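Below is structure08.txt, which holds compact mmCIF, C-alpha atoms.
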```txt
# COMPACT_ATOMS: atom_id res chain seq x y z
CA MET A 2 9.10 -56.39 -78.56
CA ASN A 3 10.04 -52.83 -77.92
CA GLY A 4 12.84 -51.15 -76.13
CA THR A 5 16.50 -51.80 -75.70
CA ILE A 6 18.66 -54.19 -73.73
CA ARG A 7 22.22 -53.56 -72.63
CA ILE A 8 24.54 -56.35 -73.78
CA ASN A 9 28.12 -56.25 -72.54
CA GLY A 10 27.80 -52.53 -71.96
CA ARG A 11 26.25 -51.70 -75.33
CA ASP A 12 22.59 -50.82 -75.89
CA GLU A 13 20.87 -52.92 -78.53
CA ASP A 14 17.28 -53.32 -79.71
CA LEU A 15 15.55 -56.06 -77.79
CA ALA A 16 14.95 -58.72 -80.45
CA ALA A 17 14.73 -61.94 -78.42
CA ASP A 18 12.35 -62.99 -75.69
CA THR A 19 14.66 -65.26 -73.72
CA VAL A 20 18.34 -65.46 -72.86
CA ALA A 21 18.55 -68.68 -74.90
CA ALA A 22 17.05 -67.04 -77.99
CA LEU A 23 19.37 -64.06 -77.76
CA LEU A 24 22.46 -66.24 -77.40
CA ALA A 25 21.36 -68.64 -80.15
CA GLY A 26 21.22 -65.64 -82.49
CA ARG A 27 24.91 -65.19 -81.77
CA GLY A 28 25.85 -68.82 -82.22
CA ILE A 29 25.98 -69.68 -78.52
CA VAL A 30 23.94 -72.72 -77.50
CA PRO A 31 23.57 -74.12 -73.97
CA GLY A 32 26.54 -76.33 -73.27
CA THR A 33 28.97 -74.09 -75.17
CA ARG A 34 32.13 -74.54 -73.14
CA GLY A 35 33.53 -71.60 -71.30
CA VAL A 36 30.63 -69.20 -71.74
CA ALA A 37 28.63 -67.79 -68.83
CA VAL A 38 25.89 -65.22 -68.54
CA ALA A 39 24.69 -62.80 -65.89
CA LEU A 40 21.37 -60.98 -66.12
CA ASN A 41 21.08 -57.81 -64.05
CA GLY A 42 24.01 -58.85 -61.90
CA ALA A 43 23.03 -62.46 -61.23
CA VAL A 44 24.48 -65.53 -62.97
CA VAL A 45 21.98 -67.45 -65.11
CA PRO A 46 23.03 -71.12 -65.29
CA SER A 47 22.94 -72.40 -68.88
CA ARG A 48 20.19 -74.90 -68.04
CA HIS A 49 17.94 -71.94 -67.25
CA TRP A 50 18.69 -69.90 -70.38
CA ASP A 51 15.51 -71.01 -72.17
CA GLN A 52 13.28 -70.19 -69.19
CA THR A 53 14.77 -66.78 -68.50
CA PRO A 54 12.77 -63.98 -70.15
CA LEU A 55 14.31 -60.70 -71.30
CA SER A 56 12.69 -57.32 -70.78
CA ALA A 57 13.45 -53.83 -71.95
CA GLY A 58 16.04 -52.24 -69.72
CA ASP A 59 17.74 -55.51 -68.76
CA ALA A 60 21.52 -55.67 -68.59
CA LEU A 61 23.18 -58.84 -69.82
CA GLU A 62 26.82 -59.83 -69.40
CA ILE A 63 28.20 -62.61 -71.58
CA ILE A 64 31.74 -63.70 -70.66
CA ARG A 65 34.41 -66.23 -71.40
CA PRO A 66 37.89 -66.96 -70.08
CA VAL A 67 40.82 -65.28 -71.80
CA GLN A 68 44.56 -65.27 -71.23
CA GLY A 69 45.31 -63.69 -67.87
CA GLY A 70 47.77 -63.50 -65.03
CA MET B 2 63.00 -88.81 -54.40
CA HIS B 3 60.34 -88.08 -51.82
CA THR B 4 57.25 -86.26 -52.92
CA ASP B 5 56.64 -82.75 -51.70
CA THR B 6 53.03 -82.16 -52.57
CA LEU B 7 51.44 -78.81 -51.87
CA THR B 8 47.91 -79.20 -50.60
CA ILE B 9 45.45 -76.33 -50.85
CA ALA B 10 41.84 -76.92 -49.83
CA GLY B 11 42.37 -80.66 -50.03
CA ARG B 12 43.81 -80.61 -53.56
CA GLY B 13 47.33 -81.88 -54.07
CA LEU B 14 49.64 -80.03 -56.44
CA GLY B 15 52.91 -81.57 -57.56
CA SER B 16 54.31 -78.25 -58.76
CA ARG B 17 54.77 -75.18 -56.61
CA LEU B 18 54.77 -72.86 -59.59
CA PHE B 19 51.52 -71.32 -60.78
CA LEU B 20 51.81 -69.70 -64.20
CA GLY B 21 49.84 -66.94 -65.89
CA THR B 22 48.77 -67.28 -69.51
CA ALA B 23 48.87 -63.62 -70.61
CA GLY B 24 51.22 -61.58 -72.75
CA TYR B 25 53.15 -64.29 -74.61
CA PRO B 26 54.42 -63.63 -78.15
CA ASN B 27 51.83 -66.13 -79.38
CA GLN B 28 49.64 -68.96 -78.18
CA GLN B 29 52.11 -71.69 -79.11
CA VAL B 30 54.83 -70.10 -76.98
CA MET B 31 52.34 -69.83 -74.10
CA LEU B 32 51.53 -73.54 -74.36
CA ASP B 33 55.19 -74.54 -74.64
CA ALA B 34 56.11 -72.34 -71.66
CA LEU B 35 53.33 -73.84 -69.59
CA GLU B 36 54.64 -77.29 -70.46
CA ALA B 37 58.23 -76.35 -69.63
CA SER B 38 57.21 -74.79 -66.32
CA GLY B 39 55.76 -78.05 -65.06
CA SER B 40 52.95 -76.00 -63.55
CA GLU B 41 49.69 -77.71 -62.73
CA LEU B 42 47.75 -74.48 -62.28
CA ALA B 43 47.32 -71.80 -64.93
CA THR B 44 45.60 -68.48 -64.34
CA VAL B 45 43.02 -67.08 -66.75
CA ALA B 46 41.02 -63.85 -66.79
CA ILE B 47 37.29 -63.43 -67.34
CA ARG B 48 36.19 -60.92 -69.96
CA ARG B 49 33.15 -59.94 -71.99
CA ILE B 50 32.86 -62.10 -75.06
CA SER B 51 33.32 -60.53 -78.45
CA LEU B 52 30.04 -60.94 -80.27
CA ASP B 53 31.53 -59.95 -83.59
CA GLY B 54 33.01 -63.29 -84.56
CA TYR B 55 34.17 -66.71 -83.51
CA SER B 56 37.50 -67.15 -81.83
CA GLU B 57 38.99 -70.34 -80.50
CA SER B 58 38.22 -70.93 -76.84
CA LEU B 59 41.20 -70.74 -74.49
CA THR B 60 39.78 -73.55 -72.38
CA ASP B 61 39.59 -75.81 -75.44
CA VAL B 62 43.16 -74.95 -76.41
CA LEU B 63 44.47 -75.73 -72.92
CA ALA B 64 42.39 -78.88 -72.55
CA SER B 65 43.51 -80.28 -75.89
CA ARG B 66 47.19 -79.76 -75.01
CA PHE B 67 47.18 -80.71 -71.33
CA GLY B 68 43.96 -82.60 -70.65
CA GLY B 69 43.48 -82.60 -66.90
CA ARG B 70 47.17 -82.10 -66.08
CA VAL B 71 46.84 -78.33 -65.82
CA GLY B 72 43.99 -76.93 -63.74
CA LEU B 73 42.57 -73.48 -64.33
CA LEU B 74 42.69 -70.71 -61.76
CA PRO B 75 40.40 -67.90 -62.94
CA ASN B 76 41.14 -64.43 -61.63
CA THR B 77 39.13 -61.30 -60.96
CA ALA B 78 41.81 -59.03 -62.40
CA GLY B 79 40.67 -55.47 -62.99
CA CYS B 80 37.80 -55.56 -60.50
CA LEU B 81 37.58 -52.44 -58.35
CA THR B 82 34.86 -53.45 -55.91
CA ALA B 83 33.85 -56.53 -53.96
CA ARG B 84 30.59 -56.57 -55.93
CA GLU B 85 32.37 -56.75 -59.29
CA ALA B 86 34.79 -59.37 -58.03
CA VAL B 87 32.06 -61.59 -56.59
CA LEU B 88 30.07 -61.52 -59.83
CA THR B 89 33.23 -62.21 -61.86
CA ALA B 90 34.04 -65.18 -59.63
CA GLN B 91 30.52 -66.52 -59.97
CA LEU B 92 30.66 -66.16 -63.76
CA ALA B 93 34.04 -67.91 -63.78
CA ARG B 94 32.61 -70.80 -61.79
CA GLU B 95 29.70 -71.11 -64.19
CA ALA B 96 31.93 -70.87 -67.29
CA LEU B 97 34.67 -73.21 -66.13
CA GLY B 98 33.10 -75.43 -63.52
CA VAL B 99 35.90 -74.36 -61.17
CA ASP B 100 35.27 -73.02 -57.68
CA TRP B 101 38.83 -71.80 -57.11
CA ILE B 102 39.32 -68.08 -57.59
CA LYS B 103 42.39 -65.86 -57.59
CA LEU B 104 40.73 -62.89 -55.96
CA GLU B 105 42.03 -59.51 -57.05
CA VAL B 106 40.30 -56.33 -55.97
CA ILE B 107 42.28 -53.36 -57.12
CA GLY B 108 42.24 -49.96 -55.44
CA ASP B 109 44.32 -48.11 -58.00
CA ARG B 110 44.32 -48.82 -61.72
CA GLU B 111 47.87 -47.53 -62.20
CA LEU B 112 49.51 -49.26 -59.25
CA LEU B 113 47.25 -52.34 -59.33
CA TYR B 114 47.54 -52.32 -55.56
CA PRO B 115 44.94 -54.27 -53.58
CA ASP B 116 42.00 -52.50 -51.96
CA VAL B 117 42.14 -54.26 -48.61
CA GLU B 118 38.68 -53.24 -47.44
CA GLU B 119 36.99 -54.52 -50.59
CA LEU B 120 39.25 -57.59 -50.68
CA LEU B 121 38.21 -58.65 -47.18
CA ARG B 122 34.55 -58.12 -48.02
CA ALA B 123 34.80 -60.14 -51.25
CA THR B 124 36.71 -62.93 -49.49
CA GLU B 125 34.01 -63.24 -46.86
CA GLU B 126 31.23 -63.35 -49.47
CA LEU B 127 32.96 -65.85 -51.75
CA VAL B 128 33.92 -68.18 -48.89
CA ALA B 129 30.28 -68.14 -47.80
CA ASP B 130 29.32 -68.96 -51.39
CA GLY B 131 31.52 -72.07 -51.37
CA PHE B 132 34.56 -70.79 -53.23
CA THR B 133 38.16 -71.73 -52.58
CA VAL B 134 39.52 -68.20 -52.33
CA LEU B 135 43.14 -67.30 -53.05
CA PRO B 136 43.39 -63.54 -52.51
CA TYR B 137 46.15 -61.41 -54.03
CA CYS B 138 47.04 -59.09 -51.18
CA ASN B 139 49.54 -56.69 -49.67
CA ASP B 140 52.75 -57.99 -48.10
CA ASP B 141 51.16 -57.19 -44.76
CA PRO B 142 51.00 -59.84 -42.00
CA VAL B 143 47.85 -58.31 -40.50
CA THR B 144 45.91 -58.35 -43.76
CA CYS B 145 47.10 -61.88 -44.45
CA ARG B 146 45.92 -63.02 -41.03
CA LYS B 147 42.53 -61.38 -41.52
CA LEU B 148 42.13 -63.10 -44.89
CA ALA B 149 43.01 -66.48 -43.38
CA ASP B 150 40.58 -65.86 -40.52
CA LEU B 151 37.83 -65.19 -43.08
CA GLY B 152 38.48 -68.57 -44.67
CA ALA B 153 40.90 -67.86 -47.52
CA ALA B 154 42.48 -71.17 -48.59
CA ALA B 155 45.82 -69.46 -49.15
CA VAL B 156 47.13 -65.91 -49.09
CA MET B 157 49.02 -64.42 -52.01
CA PRO B 158 51.05 -61.39 -50.94
CA LEU B 159 52.76 -59.32 -53.62
CA GLY B 160 56.54 -59.21 -53.92
CA ALA B 161 56.32 -55.94 -55.86
CA PHE B 162 53.87 -54.20 -58.18
CA ILE B 163 52.17 -56.49 -60.70
CA GLY B 164 54.21 -56.72 -63.88
CA SER B 165 57.11 -54.71 -62.44
CA GLY B 166 59.66 -57.51 -62.24
CA LEU B 167 61.21 -55.72 -59.25
CA GLY B 168 61.54 -58.88 -57.18
CA ILE B 169 60.67 -59.17 -53.50
CA ARG B 170 60.90 -55.64 -52.13
CA ASN B 171 60.31 -56.58 -48.51
CA PRO B 172 61.66 -60.08 -47.89
CA HIS B 173 61.34 -59.66 -44.11
CA ALA B 174 57.61 -59.07 -44.43
CA ILE B 175 57.20 -62.12 -46.67
CA GLU B 176 59.25 -64.25 -44.28
CA THR B 177 57.16 -63.04 -41.33
CA ILE B 178 53.92 -63.79 -43.18
CA CYS B 179 55.17 -67.28 -44.01
CA ALA B 180 56.20 -67.93 -40.40
CA ARG B 181 52.83 -66.90 -39.00
CA SER B 182 50.30 -67.87 -41.66
CA PRO B 183 47.93 -70.74 -40.85
CA VAL B 184 47.34 -71.21 -44.61
CA PRO B 185 49.81 -71.64 -47.49
CA VAL B 186 51.50 -68.43 -48.68
CA VAL B 187 51.86 -67.97 -52.43
CA LEU B 188 54.16 -65.17 -53.56
CA ASP B 189 52.19 -63.40 -56.26
CA ALA B 190 53.44 -60.52 -58.40
CA GLY B 191 56.80 -58.85 -58.72
CA ILE B 192 58.94 -61.84 -59.68
CA GLY B 193 61.42 -60.75 -62.35
CA THR B 194 63.83 -63.62 -62.72
CA ALA B 195 64.67 -67.07 -61.40
CA SER B 196 66.54 -65.89 -58.29
CA ASP B 197 63.44 -63.98 -57.15
CA ALA B 198 61.39 -67.18 -57.34
CA ALA B 199 64.07 -69.12 -55.46
CA LEU B 200 64.17 -66.42 -52.77
CA ALA B 201 60.40 -66.59 -52.33
CA MET B 202 60.64 -70.30 -51.66
CA GLU B 203 63.67 -69.90 -49.36
CA LEU B 204 61.67 -67.40 -47.31
CA GLY B 205 59.08 -70.09 -46.74
CA CYS B 206 56.48 -69.52 -49.42
CA ALA B 207 54.50 -72.60 -50.36
CA ALA B 208 54.38 -71.63 -54.02
CA VAL B 209 55.03 -68.83 -56.49
CA LEU B 210 52.59 -67.33 -58.98
CA LEU B 211 54.12 -65.43 -61.86
CA ASN B 212 53.38 -64.46 -65.43
CA THR B 213 55.25 -61.52 -66.93
CA ALA B 214 58.70 -62.78 -65.88
CA VAL B 215 58.13 -65.68 -68.25
CA SER B 216 55.92 -64.17 -70.94
CA LYS B 217 58.17 -61.14 -71.46
CA ALA B 218 61.49 -62.98 -71.22
CA ARG B 219 63.47 -63.05 -74.44
CA ASP B 220 62.96 -66.81 -74.51
CA PRO B 221 59.79 -67.53 -72.51
CA VAL B 222 60.02 -71.31 -72.78
CA ARG B 223 63.56 -71.36 -71.44
CA MET B 224 62.62 -68.94 -68.64
CA ALA B 225 59.67 -71.15 -67.73
CA ALA B 226 62.06 -74.07 -67.27
CA ALA B 227 64.40 -71.83 -65.25
CA MET B 228 61.50 -70.84 -63.00
CA ARG B 229 60.57 -74.49 -62.52
CA ASP B 230 64.15 -75.23 -61.42
CA ALA B 231 64.37 -72.11 -59.24
CA VAL B 232 61.18 -72.93 -57.37
CA ALA B 233 62.42 -76.48 -56.79
CA ALA B 234 65.86 -75.23 -55.68
CA GLY B 235 64.44 -72.63 -53.35
CA ARG B 236 62.04 -75.12 -51.85
CA GLY B 237 64.89 -77.59 -51.36
CA ALA B 238 67.03 -74.96 -49.65
CA HIS B 239 64.16 -73.97 -47.37
CA LEU B 240 63.59 -77.58 -46.32
CA ALA B 241 67.33 -78.16 -45.92
CA GLY B 242 67.68 -75.14 -43.61
CA ARG B 243 70.36 -72.62 -44.47
CA MET B 244 73.56 -72.16 -42.48
CA PRO B 245 73.68 -69.33 -39.96
CA LYS B 246 75.05 -66.06 -41.28
CA ARG B 247 78.32 -64.79 -39.73
CA ALA B 248 79.89 -61.37 -39.75
CA PHE B 249 83.45 -62.69 -40.10
CA ALA B 250 85.35 -65.42 -41.90
CA GLU B 251 85.28 -68.99 -40.68
CA PRO B 252 87.79 -71.27 -42.44
CA SER B 253 86.35 -74.36 -44.05
CA SER B 254 89.72 -76.15 -44.21
CA PRO B 255 91.47 -77.58 -41.12
CA GLN B 256 93.76 -75.22 -39.15
CA LEU B 257 96.08 -78.03 -37.98
CA GLY B 258 98.93 -79.28 -40.12
CA LEU B 259 99.49 -76.12 -42.10
CA ILE B 260 102.71 -76.40 -44.09
CA GLY B 261 105.65 -74.25 -42.95
CA THR B 262 104.52 -73.69 -39.35
```

Could I get this structure in the form of structure tokens?
Amino acid sequence: MNGTIRINGRDEDLAADTVAALLAGRGIVPGTRGVAVALNGAVVPSRHWDQTPLSAGDALEIIRPVQGG
Amino acid sequence: MHTDTLTIAGRGLGSRLFLGTAGYPNQQVMLDALEASGSELATVAIRRISLDGYSESLTDVLASRFGGRVGLLPNTAGCLTAREAVLTAQLAREALGVDWIKLEVIGDRELLYPDVEELLRATEELVADGFTVLPYCNDDPVTCRKLADLGAAAVMPLGAFIGSGLGIRNPHAIETICARSPVPVVLDAGIGTASDAALAMELGCAAVLLNTAVSKARDPVRMAAAMRDAVAAGRGAHLAGRMPKRAFAEPSSPQLGLIGT
């Protein structure tokens, strides 16, 4: 795989071929409570993580709830 | 005592105080304050995850302390456009399994004042997407009516700038909104102390949402309990109906039988 992917606003080398593989490399497995993902501005439900391919130039947002008002 | 349940979008809430979870001295104080407040709805923000290391999940912490007693109300705090707010709401729904959203679309990062145009657009989109939308908005009866017309489940006008603690700067506007709104009115932002919360309820608000007044009090847990009591007192006074105001004195004691006359 070549190219970069933007993860939470930071460019990184693309080293995973699916959303699931990328998240697993960071200790996040489907079913992890309170984590959600958007790829290029669209939410990817966790049941689709393993079928969602990543390409160079993609932008991924990985979020969780934090204390807020 | 009779029950006085607040119903929003078909969901009954026994407490009319919604409490934010940010800015407490530590997590234990936050949890104890939430308990003391009696609130059944706690706001949370949605942020990019830190990929550098594990940290305990807020949802797990809240669930282990309160189980299902305290529901989560995710917000879109910090969003500047309808597009950002809609995506944040959709991510919140996916992360939490909650389709309620405190919709904030900010037009000015220093004042944290709502951007009405973007707020209306985001409300329309999120309602169409099946959300229960609770928009934080100006203390403006026209904006509140437009939001309700678009399908907002409640409207949440500001009492004063977020985090200012300045109280309700335009009580007549809030009272007018309450009198005319077809949906519950939640006073959001500006509450500084218990009397502000009581006033909001006396003016006819269905509930109060606050955070900093508790989290930055010298004793947040005690202030949370004070807010719980203030909301209940203000609600009671509103339902009881206050006496008419008079410009002059009116003696309470009988005028007949005065000694020495």

Note to self: When you look at B:Ser38 with a cut-off of 7 Å (counting all atoms listed in the file), what residues show up, excluding the ones that are within fewer than 2 positions of it in the same chain? I need them as number ranges by chain.
What the structure shows: B: 34-36, 40, 225-226, 228-229

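Across B:Ser254, B:Val209, B:Glu57, B:Ile50, the tightest approach to A:Leu61 is made by B:Ile50 when counting all atoms listed in the file.
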
Next item on the list: Excluding A:Ile8 and residues on its chain fewer than 2 positions from it, collect all residues at most 8 Å away from it, counting all atoms listed in the file, and give them as an NGL selection string.
Entry: :A and (6 or 10-13 or 60-63)

Next item on the list: May I ask you to extract the residues of chain A within 10 Å of chain B, using all atoms listed in the file, and to give them as a ChimeraX atom specification?
Entry: /A:8-10,24,27-29,32-39,42-47,62-70

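We find atom CA of B:Asp150 and atom CA of B:Val99 to be spaced 22.8 Å apart.
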
Item checked: Point-to-point distance from atom CA of B:Gly191 to atom CA of B:Cys138, Å rounded to tenths ->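 Computing it gives 12.3 Å between the two atoms.
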
Next item on the list: Would you mind listing what lies within 9 Å of B:Gly79 as a VMD selection string, with all atoms listed in the file counted and same-chain residues fewer than 4 positions away left out?
Entry: chain B and resid 86 105 to 107 110 113

Please save C-alpha atoms of the selected residues as an mmCIF file, in the coordinates of the input.
```cif
data_model
loop_
_atom_site.group_PDB
_atom_site.id
_atom_site.type_symbol
_atom_site.label_atom_id
_atom_site.label_comp_id
_atom_site.auth_asym_id
_atom_site.auth_seq_id
_atom_site.Cartn_x
_atom_site.Cartn_y
_atom_site.Cartn_z
ATOM 1 C CA ALA B 86 34.790 -59.370 -58.030
ATOM 2 C CA GLU B 105 42.030 -59.510 -57.050
ATOM 3 C CA VAL B 106 40.300 -56.330 -55.970
ATOM 4 C CA ILE B 107 42.280 -53.360 -57.120
ATOM 5 C CA ARG B 110 44.320 -48.820 -61.720
ATOM 6 C CA LEU B 113 47.250 -52.340 -59.330
#
```

Check: Given the choices B:Ile178, B:Ala208, B:Gly72, B:Lys217, which gets closest to B:Gly166 if the distance is worked out from only C-alpha atoms?
Finding: B:Lys217

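Proximity to A:Asp59 was assessed for A:Thr5, A:Asp14, A:Gly26, A:Pro31 counting all atoms listed in the file; the smallest distance is recorded for A:Thr5.
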
Margin query: At a cut-off of 12 Å, using only C-alpha atoms, what residues contact B:Ala129? Leave out same-chain residues fewer than 3 positions from it and give the result as a list in words.
Written below: Val87, Arg122, Ala123, Thr124, Glu125, Glu126, Phe132, Thr133, Val134, Leu151, Gly152 and Ala153 of chain B

Report, as lines of an AutoDock Vina configuration file, the axis-aligned box around all atoms of stretch 172-178 of chain B present in the file, extended by 4 Å on each side; give centre and edge lengths in Å to one decimal place.
```
center_x = 57.8
center_y = -61.7
center_z = -44.6
size_x = 15.7
size_y = 13.2
size_z = 14.6
```

Margin query: Report, in Å with one decimal, the straight-line distance from atom CA of B:Ala174 to atom CA of B:Leu159.
Written below: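 Atom CA of B:Leu159 lies at a distance of 10.4 Å from atom CA of B:Ala174.
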
Test item: residues at most 10 Å from B:Leu188, all atoms listed in the file, excluding those fewer than 3 positions along its chain, as a PDB file with C-alpha atoms, keeping the file's coordinate frame:
```pdb
ATOM      1  CA  LEU B  18      54.770 -72.860 -59.590  1.00  0.00           C
ATOM      2  CA  PHE B  19      51.520 -71.320 -60.780  1.00  0.00           C
ATOM      3  CA  TYR B 137      46.150 -61.410 -54.030  1.00  0.00           C
ATOM      4  CA  CYS B 138      47.040 -59.090 -51.180  1.00  0.00           C
ATOM      5  CA  ASP B 140      52.750 -57.990 -48.100  1.00  0.00           C
ATOM      6  CA  VAL B 156      47.130 -65.910 -49.090  1.00  0.00           C
ATOM      7  CA  MET B 157      49.020 -64.420 -52.010  1.00  0.00           C
ATOM      8  CA  PRO B 158      51.050 -61.390 -50.940  1.00  0.00           C
ATOM      9  CA  LEU B 159      52.760 -59.320 -53.620  1.00  0.00           C
ATOM     10  CA  GLY B 160      56.540 -59.210 -53.920  1.00  0.00           C
ATOM     11  CA  ALA B 161      56.320 -55.940 -55.860  1.00  0.00           C
ATOM     12  CA  ILE B 169      60.670 -59.170 -53.500  1.00  0.00           C
ATOM     13  CA  ILE B 175      57.200 -62.120 -46.670  1.00  0.00           C
ATOM     14  CA  CYS B 179      55.170 -67.280 -44.010  1.00  0.00           C
ATOM     15  CA  PRO B 185      49.810 -71.640 -47.490  1.00  0.00           C
ATOM     16  CA  GLY B 191      56.800 -58.850 -58.720  1.00  0.00           C
ATOM     17  CA  ILE B 192      58.940 -61.840 -59.680  1.00  0.00           C
ATOM     18  CA  ALA B 198      61.390 -67.180 -57.340  1.00  0.00           C
ATOM     19  CA  ALA B 201      60.400 -66.590 -52.330  1.00  0.00           C
ATOM     20  CA  MET B 202      60.640 -70.300 -51.660  1.00  0.00           C
ATOM     21  CA  GLY B 205      59.080 -70.090 -46.740  1.00  0.00           C
ATOM     22  CA  CYS B 206      56.480 -69.520 -49.420  1.00  0.00           C
ATOM     23  CA  ALA B 207      54.500 -72.600 -50.360  1.00  0.00           C
ATOM     24  CA  ALA B 208      54.380 -71.630 -54.020  1.00  0.00           C
ATOM     25  CA  VAL B 209      55.030 -68.830 -56.490  1.00  0.00           C
ATOM     26  CA  LEU B 210      52.590 -67.330 -58.980  1.00  0.00           C
ATOM     27  CA  LEU B 211      54.120 -65.430 -61.860  1.00  0.00           C
TER      28      LEU B 211
END
```
